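Before any comments, here is the structure.
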Amino acid sequence: MTGSDTSAGTPGILLVLDGWGHAAPGPGNALTDAHTPVLDAIAAKHPSTFVEASGEHVGLLPGTVGNSEIGHMVIGAGRPLDYDSVLVQRQIDSGLLRDNPRLTEALDRLAADSGALHLIGQVSDGMIHAHVDHLHELLSIAASRGVKRVWVHAITDGRDVADRTAGHYLGRVEEFFAATGTGALATVSGRGYGLDKSGDLELTAKVSEAITDGKGATARDYQQVLAGAQNGDVWVTPTVLTDADGEPLATVHDGDTILFTNFRSDRIQQLADDLVQILTDTDVDILSLTQYDTQAAIPALVGRADASGGLADALETHGLRSVRIAEQEKFEHVTYYINGRDDRAREVEEHIRITADTAPDYVTRPEMNLARVTEAVTAAARRDDVALVIANLANIDVVGHTGDHDATVKAAEHTDHEVEKILTAAAATGRWVLLVGDHGNAERMSKPGPDGTPLPYGGHTTNPVPAVVVAAPGQLLPEHLADGGSLADIAPTVLHLLGRPSSPAMTGRSLL
């Protein structure tokens, strides 16, 4: 094990409170409804500010809600990064996507051989994992290249947008078919099945079988599918749409092409890997809209931004050991994403993944495994060779995604309790603590549906997030943190506290 040089600065803890956004008290604000005396006190007593975590401040389109992936990437990179959704939109706006060689070659082959194009992805405008308008553009391009058979395998949302709005978005998809003159729905599946990332392959298999073989529940149209969806849009049973004789409208055949339309990789890749494995020995081309982190490389239409030169590279350059800690749900965020989507092993890095002994039930167990995260953080803080502990407290975001206000209130209260333990351990071990949200979520637990009626909302927000620095014992800090900042300023602040300069690639500034 390589040692660490911590002599030039004060060691510390970077604590990401996932989904910790800021908004005024009001209906639906689970954070202000919660009893959180510790978080309330540190914001009042220690240097603090609010930083932007959405839109162009982090590399997203203006007005786009933040998310954990881009949030951690920007925290680590020390600069805004053009997110995959932005890169796709630029390709669309410039017309470059229509001339994309990889796409046109695939479409021309389908047109010549009467093959079918299968578009698989989430259909909503939540702009977290996908955007339904990207589907419209792909349908239009397919029609312009003469592809006669285009099948859409829709994954309903209910999390990045209000629940029970799937009918609205599937209706828009039907309008796209009419406007472009091509396309039809082939399957409809809830994101609980199609975007599972827990490793539950039984959920994924139901979607794969519906897409490839037409197996599973059946319905004549999406209205019939949704009429039977008792558990909301997230858990729509994977369903095959059929003709008047009960036969599937579409299955996957040799000579077809599959194109995954999600721009965010992490939740679609389990389904993508499964379909790649199933179709290994077939003549089916598989493409993705953006670069995915799948086990087998899938050719992408749009590349990704360079995120090198960030916090992880700086720590490695200076020989500063860090320990990364998170529950399963957010483990990649404090490792892979905060490292700029670089998965190579670093000698000065240690990763601790906290896994559950039982299947998660976020509503009845909003505490999740937070106590074990705290134990790991405090154990790492006691080590003299560790310059920086980076941990994600997932509860506020993960439970917030359920849309259950009361459970999210309890999640915030559990988080507050554990933060107190971490602050106590930091003081005892001579460490500063920088607490920051990665995006908003739990401060807005309801949202108007298409007709204006308030509906439970478990998605993200465009609200700023708190940033607070609790000094180590005897450490002198400014009375206030700089205002007007963003998540891009977190890595420079961490390096400042560690007594190291910002990396040349960082455009963010220290909040101190």
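A note on labels: chains of the structure tokens are A, B, ... as shown, every chain counts residues from 1, and ligands are counted from 1 in their shown order.
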
Sel. of strand (DSSP E or B) residues, stretch 164-304 of chain A, as an NGL selection string: :A and (184-190 or 217-219 or 239-242 or 248 or 257-260 or 285-290 or 300-302)

Stretch 137-386 of chain A: which residues are helix (DSSP H, G or I) by DSSP, as an mmCIF file with C-alpha atoms, in the first residue's frame?
```cif
data_model
loop_
_atom_site.group_PDB
_atom_site.id
_atom_site.type_symbol
_atom_site.label_atom_id
_atom_site.label_comp_id
_atom_site.auth_asym_id
_atom_site.auth_seq_id
_atom_site.Cartn_x
_atom_site.Cartn_y
_atom_site.Cartn_z
ATOM 1 C CA GLU A 137 -35.501 13.467 -34.698
ATOM 2 C CA LEU A 138 -34.426 9.848 -35.098
ATOM 3 C CA LEU A 139 -37.798 8.931 -36.611
ATOM 4 C CA SER A 140 -37.490 11.826 -39.029
ATOM 5 C CA ILE A 141 -33.988 10.771 -40.073
ATOM 6 C CA ALA A 142 -35.091 7.171 -40.547
ATOM 7 C CA ALA A 143 -37.981 8.273 -42.742
ATOM 8 C CA SER A 144 -35.697 10.487 -44.831
ATOM 9 C CA ALA A 166 -46.929 8.165 -19.334
ATOM 10 C CA GLY A 167 -50.089 8.482 -21.417
ATOM 11 C CA HIS A 168 -49.188 12.069 -22.227
ATOM 12 C CA TYR A 169 -45.732 11.128 -23.503
ATOM 13 C CA LEU A 170 -46.840 8.018 -25.369
ATOM 14 C CA GLY A 171 -49.469 10.185 -27.020
ATOM 15 C CA ARG A 172 -46.693 12.518 -28.162
ATOM 16 C CA VAL A 173 -44.812 9.550 -29.602
ATOM 17 C CA GLU A 174 -47.917 8.620 -31.597
ATOM 18 C CA GLU A 175 -47.963 12.190 -32.904
ATOM 19 C CA PHE A 176 -44.326 11.776 -33.978
ATOM 20 C CA PHE A 177 -45.310 8.721 -35.999
ATOM 21 C CA ALA A 178 -47.972 10.723 -37.799
ATOM 22 C CA ALA A 179 -45.697 13.698 -38.385
ATOM 23 C CA THR A 180 -42.752 11.708 -39.759
ATOM 24 C CA ARG A 191 -38.373 2.018 -15.978
ATOM 25 C CA GLY A 192 -38.364 -0.207 -12.909
ATOM 26 C CA TYR A 193 -37.829 -3.050 -15.374
ATOM 27 C CA GLY A 194 -36.079 -1.372 -18.301
ATOM 28 C CA LEU A 201 -31.584 -9.591 -14.219
ATOM 29 C CA GLU A 202 -35.055 -11.082 -13.825
ATOM 30 C CA LEU A 203 -36.495 -7.582 -14.235
ATOM 31 C CA THR A 204 -34.301 -6.925 -17.252
ATOM 32 C CA ALA A 205 -35.130 -10.270 -18.842
ATOM 33 C CA LYS A 206 -38.837 -9.406 -18.969
ATOM 34 C CA VAL A 207 -38.043 -6.387 -21.145
ATOM 35 C CA SER A 208 -35.546 -8.262 -23.294
ATOM 36 C CA GLU A 209 -37.986 -11.089 -23.972
ATOM 37 C CA ALA A 210 -40.737 -8.658 -24.896
ATOM 38 C CA ILE A 211 -38.443 -6.850 -27.343
ATOM 39 C CA THR A 212 -36.688 -9.777 -28.975
ATOM 40 C CA ASP A 213 -39.324 -12.527 -28.925
ATOM 41 C CA TYR A 222 -50.726 1.821 -24.953
ATOM 42 C CA GLN A 223 -54.008 2.973 -23.415
ATOM 43 C CA GLN A 224 -54.796 -0.637 -22.546
ATOM 44 C CA VAL A 225 -51.280 -1.062 -21.139
ATOM 45 C CA LEU A 226 -51.622 1.938 -18.841
ATOM 46 C CA ALA A 227 -55.154 1.028 -17.764
ATOM 47 C CA ASP A 233 -45.433 4.556 -14.534
ATOM 48 C CA VAL A 234 -42.241 3.189 -12.963
ATOM 49 C CA TRP A 235 -43.646 -0.326 -12.723
ATOM 50 C CA GLN A 269 -26.605 -0.352 -19.787
ATOM 51 C CA GLN A 270 -27.911 -3.410 -17.913
ATOM 52 C CA LEU A 271 -30.615 -3.848 -20.562
ATOM 53 C CA ALA A 272 -28.109 -3.090 -23.327
ATOM 54 C CA ASP A 273 -25.694 -5.724 -22.030
ATOM 55 C CA ASP A 274 -28.492 -8.277 -21.808
ATOM 56 C CA LEU A 275 -29.634 -7.665 -25.377
ATOM 57 C CA VAL A 276 -26.067 -7.776 -26.699
ATOM 58 C CA GLN A 277 -25.608 -11.170 -25.055
ATOM 59 C CA ILE A 278 -28.918 -12.516 -26.358
ATOM 60 C CA LEU A 311 -9.631 16.180 -8.573
ATOM 61 C CA ALA A 312 -8.660 12.510 -8.879
ATOM 62 C CA ASP A 313 -5.746 13.354 -11.177
ATOM 63 C CA ALA A 314 -4.603 16.120 -8.823
ATOM 64 C CA LEU A 315 -4.719 13.819 -5.802
ATOM 65 C CA GLU A 316 -2.734 11.224 -7.713
ATOM 66 C CA THR A 317 -0.174 13.790 -8.854
ATOM 67 C CA GLN A 328 -24.500 0.527 -3.929
ATOM 68 C CA GLU A 329 -26.861 3.082 -5.468
ATOM 69 C CA LYS A 330 -24.243 5.857 -5.521
ATOM 70 C CA PHE A 331 -20.965 3.956 -5.492
ATOM 71 C CA GLU A 332 -20.111 4.705 -9.124
ATOM 72 C CA HIS A 333 -20.697 8.385 -8.489
ATOM 73 C CA VAL A 334 -17.939 8.766 -5.879
ATOM 74 C CA THR A 335 -15.584 6.605 -7.929
ATOM 75 C CA TYR A 336 -16.121 6.429 -11.683
ATOM 76 C CA TYR A 337 -18.011 9.688 -12.210
ATOM 77 C CA LEU A 370 -26.544 5.029 6.208
ATOM 78 C CA ALA A 371 -25.218 3.927 9.603
ATOM 79 C CA ARG A 372 -22.729 1.619 7.870
ATOM 80 C CA VAL A 373 -21.630 4.445 5.593
ATOM 81 C CA THR A 374 -20.975 6.557 8.676
ATOM 82 C CA GLU A 375 -18.950 3.772 10.284
ATOM 83 C CA ALA A 376 -16.784 3.500 7.177
ATOM 84 C CA VAL A 377 -16.289 7.277 6.995
ATOM 85 C CA THR A 378 -15.267 7.549 10.637
ATOM 86 C CA ALA A 379 -12.911 4.579 10.318
ATOM 87 C CA ALA A 380 -11.207 6.163 7.301
ATOM 88 C CA ALA A 381 -11.030 9.523 9.084
#
```

Stretch 309-363 of chain A residues near stretch 393-411 of chain A within 7 Å, closest pair each, using only C-alpha atoms, as a tab-separated table:
```
residue	atom	partner	partner_atom	distance
A:Ala326	CA	A:Leu393	CA	6.9
A:Lys330	CA	A:Ala394	CA	6.6
A:Tyr362	CA	A:Val399	CA	5.5
A:Val363	CA	A:Ala407	CA	5.3
```

Residue among A:Lys447, A:His351, A:His35, A:His417 lying closest to A:Arg321, counting only C-alpha atoms: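 When distances to A:Arg321 are compared using only C-alpha atoms, the smallest one comes from A:His351.
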
Of the candidates A:Ile354, A:Val51, A:Ala111, A:Ala229, which shows the shortest atom-to-atom distance to A:Asp256, using only C-alpha atoms?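 Ranked by minimum distance to A:Asp256, first place goes to A:Ala111.
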
Nearest to A:Arg267 among A:Glu247, A:Glu69, A:Glu327, A:Asp285, with distances taken over only C-alpha atoms: which residue is it?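 Counting only C-alpha atoms, the residue closest to A:Arg267 is A:Glu69.
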
Using only C-alpha atoms, which of the listed residues (A:Asp361, A:Glu367, A:Asp483, A:Asp489) sits closest to A:Gly78?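 Using only C-alpha atoms, the shortest distance to A:Gly78 belongs to A:Asp489.
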
Calculated over only C-alpha atoms, which of the candidates A:Gly59, A:Gly319, A:Gly121, A:Gly21 has the smallest distance to A:Leu289?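 Looking only at the distances to A:Leu289, the closest residue turns out to be A:Gly121.
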
Length of the atom CA of A:Ile286 to atom CA of A:Ala305 vector [Å]: 22.3 Å

Which of these, A:Leu435, A:Leu249, A:Ile352, A:Ile390, has the shortest distance to A:Asn339 once you count only C-alpha atoms?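 Closest candidate: A:Ile390.
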
Between atom CA of A:His22 and atom CA of A:His480, what is the spacing in Å?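 Separating atom CA of A:His480 from atom CA of A:His22 is a distance of 17.8 Å.
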
For A:Leu388, please output as a compact mmCIF listing (two decimals) with N, CA and C atoms, in the first residue's frame all residues within 8 Å (counting only C-alpha atoms; exclusion window: fewer than 6 positions along the same chain).
```txt
# COMPACT_ATOMS: atom_id res chain seq x y z
N PRO A 11 -6.04 17.54 6.39
CA PRO A 11 -6.87 16.49 5.79
C PRO A 11 -8.35 16.79 6.01
N GLY A 12 -9.19 16.18 5.20
CA GLY A 12 -10.61 16.50 5.32
C GLY A 12 -11.53 15.43 4.81
N ILE A 13 -12.82 15.78 4.78
CA ILE A 13 -13.89 14.91 4.31
C ILE A 13 -14.76 15.70 3.35
N LEU A 14 -14.94 15.19 2.16
CA LEU A 14 -15.90 15.75 1.21
C LEU A 14 -17.16 14.90 1.30
N LEU A 320 -1.71 12.07 -2.73
CA LEU A 320 -2.65 12.17 -1.61
C LEU A 320 -3.66 11.03 -1.68
N ARG A 321 -3.68 10.24 -0.62
CA ARG A 321 -4.58 9.08 -0.61
C ARG A 321 -6.00 9.52 -0.30
N SER A 322 -6.95 8.95 -1.04
CA SER A 322 -8.37 9.20 -0.77
C SER A 322 -9.09 7.87 -0.61
N VAL A 323 -10.14 7.89 0.20
CA VAL A 323 -11.01 6.74 0.39
C VAL A 323 -12.40 7.15 -0.06
```
